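Peer 1: I have a structure here, written as C-alpha cells, and I will follow up with some questions on it.
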Amino acid sequence: MSELLNILKQNARTSVEDIAKMTRSTPDAVRAQIAEYEKNGTIRGYRTLVHEDHMDEDRVTAVIEVKVQPEREGGFDRLARRISGFPEVVNTHLMSGKYDLLLFVEGKNLREVGRFVSERLATLDGVLSTGTHFMLKTYKQDGVLMDGERTDNRLPVSP
Amino acid sequence: MNSKSRVAERVRNLPFSGIRKFFDIVAQRKDVISLGVGEPDFDTPWTVREAAVYSLERGATHYTSNRGDPGLRQAIARYVARQFGEEYDWKTEILVTVGVSEAIDIALRTIINPGDEVIYHEPCFVSYRPSIILAGGVPVCVETRREDEFRLTRPMLEKAVTPKTRALMLNFPCNPTGAVLARKDVEEISNFCIQHDLLLLTDEIYAELTYDSQHISFVSIPGMKERTIFMHGMSKAWAMTGFRIGYACAPADISENMMKLHQYAIMSAPTTGQKAAAEALERGDAAVAAMRAEYNRRRNYLIAAFNEMGVQCHTPAGAFYAFPYIGDLGISAEDFAMRFLEEKGVAVVPGDAFGKSGAGFLRCAYATSMDNIREAMRRMAEFVAQLRA
C-alpha cells in the first residue's frame with residue numbers, strides 16, 4: 001500500500017503539508033495524489049472513530065449470520081446488494097463456512113433490530129435462515145483499543 | 001574516615017553522565033514535550049508481552065543457564081544468521097546479557113590489559129568512555145564530523161592507532177548522530193582491524209532502524225568474525241527497554257571468558273525478559289517493520305522542519321535521533337537546551353553530553369508521537385527566530 005494511504009488510514013486528518021514533510025514530497029503532489037485516489041475509488045470516504053459510550057443516544061449493534069440460496073446467475077451478489085441497501089445494515093461480508101453473509105446491523109434498541117430481522121431480512125426471497133447476536137461491549141475497533149487510556153511511562157530524558 | 005575517601009579514586013574521578021544532569025532539570029518541570037528520550041514511545045508488541053505473561057503463569061521465574069536460556073540462544077543464532085549473515089554456535093559463542101550496556105562492560109573487561117588503548121568515536125553513547133576507563137584501558141577518541149555525516153572512515157582511524165591499540169569500539173547506526181556506515185566504510189574499517197590485528201567491539205543495537213539503506217553488519221565481512229564481539233539487544237527495534245535483554249556473539253575463547261564475568265556479577269539475565277526476547281526474535285518482524293515505517297515518517301518530518309527554519313541538519317540515516325547544528329546561532333548547545341526548555345517547554349539534549357565534539361549540536365529523539373514532533377518543531381521555529389532577531 002502507498003505510504004500516503006498508510007498515513008491517512010492512521011489519521012485521516014493529517015494535513016497535506018504534514019504528509020508532504022513525512023514523505024519527502026510537496027503539498028501539491030500530495031493533494032494531487034489524494035484527488036486521484038478519491039476519483040478512482042481507492043479512497044471511499046473519511047470517518048471519525050467515536051467511542052459509543054460517550055454518546056448520549058441509545059444504540060445497539062447486532063451481528064447477524066445469514067444463510068442464503070445462491071442464484072444460478074449472479075451467485076450471492078444480487079441478494080447481498082439488496083440486503084446492503086437497507087440503511088440499518090452497516091457492514092455486509094460474504095463468508096466461508098457455515099453461513100454465507102455476515103451483517104452488522106444497527107438500531108435504537110433490541111426491538112427495532114428484531115423487527116428489521118423478522119420483517120425485512122428473514123422474509124426476503126433467497127434468505128434461508130438468520131442467526132442474530134447482540135454486541136455487549138467493544139474492546140477494540142478498527143485496530144484501536146476502545147477501553148482504558150494509554151499513558152507514557154518513560155523517563156523524560158534518557159541516554 | 002572522611003566521606004570523600006570512602007569512594008575509590010577511579011570511580012570518584014569518573015564524571016556523571018551529562019544526560020543525568022539534564023534529566024534532573026527536566027524532571028522538575030511539568031507538561032514538557034520531550035525529544036530527549038532515548039527509547040521507543042511504542043509499547044512493546046503485544047505478542048511479546050503476552051509471551052512474558054504466559055511464562056510467568058507457567059512458573060518460569062527461576063535462574064536460567066548463565067549463558068542464557070537455550071531456547072533464546074538458539075533464536076538469537078537463527079536471527080543473527082538470517083539478518084546479518086553470520087553463523088554462531090549457540091552453545092559456545094552466544095551470551096545473553098542485561099542489555100548491551102552489560103555486554104560492553106564485560107567485553108571490555110575481558111579483553112583489556114592495563115594500559116591497552118581502545119579507539120572509539122565521539123559523539124557517542126555516554127557509557128563508552130567510562131566503560132573503557134573502568135576496564136583499565138586508555139580511551140582514544142576519534143571525532144566524527146558533520147561534513148562526513150558523522151561517518152567513521154579509515155583515514156581517521158589510521159591517525160589514532162598506536163602499537164598499544166588493542167581494540168576498536170563502534171556504534172553504527174549511531175546514538176546520538178543517527179549516522180550509518182556505507183558498505184565501503186565497513187569494508188575499509190574491517191581491513192584496518194585485520195591489518196593492525198585489532199579486536200572489534202561493535203554495538204549494533206540500532207541495526208533494524210535504518211531508513212535509506214540496508215544495515216551492513218561487521219560480522220558479514222569475511223575474516224571479521226574471529227576478531228569481533230558483536231553486541232545487539234531487544235531494547236530499541238522491539239521497544240523492549242525495560243526487559244533488559246541484550247546479547248554478545250563472540251569467538252568461543254572470548255565468549256567463555258566474558259561468561260565468567262557475567263556469571264559472577266549477574267548470574268543470568270532476567271528470565272521473563274529472556275522468554276519475551278525469544279518471542280520477539282521469532283515473531284516480531286512485522287511489528288519492527290511497522291515501527292520503522294513510523295520512525296521514518298517522523299524523521300522525514302523533522303528534517304523538513306529543520307530545513308524550513310534554516311537549521312542545518314545532516315540526514316540521519318539510522319537510529320531515532322536527529323542531530324541538528326545550532327552552533328551558528330550564537331548560543332551554546334547547553335544554553336539553547338536550557339532556554340528552549342524554560343521558554344518553550346521542549347526538552348532536547350545538548351550534543352556535548354555525548355562528547356566534546358557534540359558541542360553546537362542538539363540530540364532530538366523522534367521516538368515520540370507525530371503530534372509532539374509537530375508542536376516541538378513549531379516552537380523551535382519560534383525560538384530560533386527569536387534568537388536570530
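Ordering of the C-alpha cells sets the chain letters (A, B, ...), residue numbers begin anew at 1 in every chain, and ligands are numbered from 1 in the order given.
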Identify, with DSSP run on backbone atoms, the residues in segment 206-285 of chain B assigned to helix (DSSP H, G or I), and express the list as JSON, numbers by chain.

Peer 2: {"B": [218, 219, 220, 225, 226, 227, 241, 242, 243, 252, 253, 254, 255, 256, 257, 258, 259, 260, 261, 262, 263, 264, 265, 271, 272, 273, 274, 275, 276, 277, 278, 279, 280, 281, 282, 283, 285]}

Peer 1: Would you save the residues from that selection as a PDB file, in the first residue's frame, using C-alpha atoms?

Peer 2:
```pdb
ATOM      1  CA  PHE B 218      30.700  -6.084  10.532  1.00  0.00           C
ATOM      2  CA  VAL B 219      30.136  -9.793  11.138  1.00  0.00           C
ATOM      3  CA  SER B 220      29.124 -10.172   7.487  1.00  0.00           C
ATOM      4  CA  LYS B 225      34.010 -12.996  12.944  1.00  0.00           C
ATOM      5  CA  GLU B 226      37.190 -14.292  14.581  1.00  0.00           C
ATOM      6  CA  ARG B 227      38.110 -10.820  15.901  1.00  0.00           C
ATOM      7  CA  THR B 241      13.944  -1.327  27.042  1.00  0.00           C
ATOM      8  CA  GLY B 242      12.504  -2.400  30.396  1.00  0.00           C
ATOM      9  CA  PHE B 243      13.028  -6.096  29.714  1.00  0.00           C
ATOM     10  CA  ALA B 252      34.336 -19.134  21.913  1.00  0.00           C
ATOM     11  CA  ASP B 253      37.565 -18.221  23.760  1.00  0.00           C
ATOM     12  CA  ILE B 254      36.364 -14.653  24.317  1.00  0.00           C
ATOM     13  CA  SER B 255      32.764 -15.672  24.955  1.00  0.00           C
ATOM     14  CA  GLU B 256      33.610 -18.174  27.684  1.00  0.00           C
ATOM     15  CA  ASN B 257      35.728 -15.599  29.482  1.00  0.00           C
ATOM     16  CA  MET B 258      33.017 -12.951  29.189  1.00  0.00           C
ATOM     17  CA  MET B 259      30.743 -15.592  30.662  1.00  0.00           C
ATOM     18  CA  LYS B 260      32.918 -15.762  33.790  1.00  0.00           C
ATOM     19  CA  LEU B 261      32.408 -12.058  34.490  1.00  0.00           C
ATOM     20  CA  HIS B 262      28.713 -12.305  33.693  1.00  0.00           C
ATOM     21  CA  GLN B 263      28.338 -15.325  35.950  1.00  0.00           C
ATOM     22  CA  TYR B 264      29.992 -13.681  38.953  1.00  0.00           C
ATOM     23  CA  ALA B 265      28.304 -10.301  38.596  1.00  0.00           C
ATOM     24  CA  THR B 271      14.150 -14.881  32.896  1.00  0.00           C
ATOM     25  CA  THR B 272      10.910 -13.111  31.945  1.00  0.00           C
ATOM     26  CA  GLY B 273      12.851 -10.860  29.631  1.00  0.00           C
ATOM     27  CA  GLN B 274      14.554 -13.822  28.008  1.00  0.00           C
ATOM     28  CA  LYS B 275      11.250 -15.551  27.298  1.00  0.00           C
ATOM     29  CA  ALA B 276       9.874 -12.334  25.834  1.00  0.00           C
ATOM     30  CA  ALA B 277      13.000 -11.830  23.719  1.00  0.00           C
ATOM     31  CA  ALA B 278      12.695 -15.294  22.162  1.00  0.00           C
ATOM     32  CA  GLU B 279       9.143 -14.488  21.103  1.00  0.00           C
ATOM     33  CA  ALA B 280      10.247 -11.121  19.681  1.00  0.00           C
ATOM     34  CA  LEU B 281      13.025 -12.675  17.591  1.00  0.00           C
ATOM     35  CA  GLU B 282      10.763 -15.415  16.219  1.00  0.00           C
ATOM     36  CA  ARG B 283       7.597 -13.422  15.581  1.00  0.00           C
ATOM     37  CA  ASP B 285       9.421  -8.824  12.288  1.00  0.00           C
TER      38      ASP B 285
END
```

Peer 1: Set the distance at 12 Å and use only C-alpha atoms: which residues neighbour Ile111 of chain B once local chain neighbours fewer than 4 positions away are removed? I'd like the list as a CSV table (one decimal) with C-alpha atoms, in the first residue's frame.

Peer 2:
```csv
chain,number,residue,atom,x,y,z
B,104,ILE,CA,30.0,-3.6,26.6
B,105,ASP,CA,31.3,-3.6,30.1
B,106,ILE,CA,32.2,-7.3,30.3
B,107,ALA,CA,33.6,-7.3,26.7
B,115,GLY,CA,47.2,0.5,29.6
B,116,ASP,CA,45.8,-1.1,26.4
B,117,GLU,CA,44.3,1.6,24.2
B,118,VAL,CA,40.8,1.4,22.8
B,132,ILE,CA,36.9,1.7,28.8
B,135,ALA,CA,38.2,-1.8,32.5
B,136,GLY,CA,41.7,-0.3,32.9
B,137,GLY,CA,42.0,0.7,29.3
B,165,THR,CA,46.0,-0.2,20.5
B,166,ARG,CA,44.1,-3.3,21.5
B,167,ALA,CA,40.6,-2.8,20.1
B,168,LEU,CA,38.2,-0.6,18.2
B,169,MET,CA,34.7,0.1,19.6
B,198,LEU,CA,42.8,-5.4,16.5
B,199,LEU,CA,39.7,-6.7,18.1
B,200,LEU,CA,36.4,-5.1,17.2
B,201,LEU,CA,33.6,-4.4,19.6
B,227,ARG,CA,38.1,-10.8,15.9
B,228,THR,CA,34.7,-9.3,16.6
B,229,ILE,CA,32.5,-9.1,19.6
B,250,ALA,CA,31.9,-13.7,20.0
B,253,ASP,CA,37.6,-18.2,23.8
B,254,ILE,CA,36.4,-14.7,24.3
B,255,SER,CA,32.8,-15.7,25.0
B,256,GLU,CA,33.6,-18.2,27.7
B,257,ASN,CA,35.7,-15.6,29.5
B,258,MET,CA,33.0,-13.0,29.2
B,261,LEU,CA,32.4,-12.1,34.5
```

Peer 1: Compile the contact shell of Glu308 of chain B as a compact mmCIF listing (two decimals) with C-alpha atoms, in the first residue's frame: residues with an atom at most 12 Å away, counting only C-alpha atoms, same-chain residues fewer than 2 positions apart removed.

Peer 2:
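And here's part04.txt as it stands now:
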```
# COMPACT_ATOMS: atom_id res chain seq x y z
CA LYS A 21 7.09 16.53 5.05
CA TYR B 301 9.15 15.48 9.00
CA LEU B 302 11.92 16.65 11.34
CA ILE B 303 14.42 17.15 8.54
CA ALA B 304 11.88 19.10 6.50
CA ALA B 305 11.04 21.24 9.55
CA PHE B 306 14.73 22.00 10.24
CA GLY B 310 17.01 27.26 8.29
CA VAL B 311 18.66 24.97 10.86
CA GLN B 312 21.34 22.77 9.34
CA CYS B 313 20.98 19.07 9.87
CA MET B 377 9.09 21.94 15.70
CA ARG B 378 6.58 24.79 15.69
CA MET B 380 11.60 25.51 17.81
CA ALA B 381 10.94 27.64 14.72
CA GLU B 382 9.66 30.39 17.03
CA VAL B 384 15.18 30.08 16.53
CA ALA B 385 13.52 33.16 15.03
```

Peer 1: With only C-alpha atoms considered, list every residue of chain B at most 6 Å from chain A, as a list in words.

Peer 2: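 Going by the stated atoms only, the list reads Phe23, Gly36, Val37, Gly38, Arg297, Asn300, Tyr301 and Ala304 of chain B.
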
Peer 1: I need the residues from that last selection saved to file as a PDB file, in the first residue's frame (with N, CA and C atoms), if you can.

Peer 2:
```pdb
ATOM      1  N   PHE B  23      18.539  15.465  32.855  1.00  0.00           N
ATOM      2  CA  PHE B  23      17.328  14.755  33.277  1.00  0.00           C
ATOM      3  C   PHE B  23      16.773  15.355  34.567  1.00  0.00           C
ATOM      4  N   GLY B  36      13.937  14.223  24.316  1.00  0.00           N
ATOM      5  CA  GLY B  36      15.161  13.813  24.997  1.00  0.00           C
ATOM      6  C   GLY B  36      15.189  12.342  25.361  1.00  0.00           C
ATOM      7  N   VAL B  37      14.148  11.634  24.975  1.00  0.00           N
ATOM      8  CA  VAL B  37      14.029  10.253  25.435  1.00  0.00           C
ATOM      9  C   VAL B  37      14.702   9.295  24.457  1.00  0.00           C
ATOM     10  N   GLY B  38      15.687   8.560  24.954  1.00  0.00           N
ATOM     11  CA  GLY B  38      16.409   7.620  24.101  1.00  0.00           C
ATOM     12  C   GLY B  38      15.788   6.239  24.097  1.00  0.00           C
ATOM     13  N   ARG B 297       8.674   8.302   8.876  1.00  0.00           N
ATOM     14  CA  ARG B 297       7.812   9.474   8.630  1.00  0.00           C
ATOM     15  C   ARG B 297       8.217  10.631   9.536  1.00  0.00           C
ATOM     16  N   ASN B 300      11.586  12.132   8.438  1.00  0.00           N
ATOM     17  CA  ASN B 300      11.421  12.987   7.269  1.00  0.00           C
ATOM     18  C   ASN B 300      10.800  14.326   7.662  1.00  0.00           C
ATOM     19  N   TYR B 301       9.822  14.252   8.564  1.00  0.00           N
ATOM     20  CA  TYR B 301       9.147  15.478   9.002  1.00  0.00           C
ATOM     21  C   TYR B 301      10.135  16.418   9.698  1.00  0.00           C
ATOM     22  N   ALA B 304      12.561  18.048   7.263  1.00  0.00           N
ATOM     23  CA  ALA B 304      11.877  19.102   6.503  1.00  0.00           C
ATOM     24  C   ALA B 304      11.656  20.335   7.376  1.00  0.00           C
TER      25      ALA B 304
END
```

Peer 1: Which is closer to Pro251 of chain B than all the others in B:Thr47, B:Ser34, B:Thr92, B:Thr61, using only C-alpha atoms?

Peer 2: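 Looking only at the distances to Pro251 of chain B, the closest residue turns out to be B:Thr92.
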
Peer 1: Please determine, counting only C-alpha atoms, which residue among A:Lys67, A:Arg13, A:Lys137, A:Arg31 has the shortest atom-to-atom distance to Ser96 of chain A.

Peer 2: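 Using only C-alpha atoms, Ser96 of chain A sits closest to A:Lys67.
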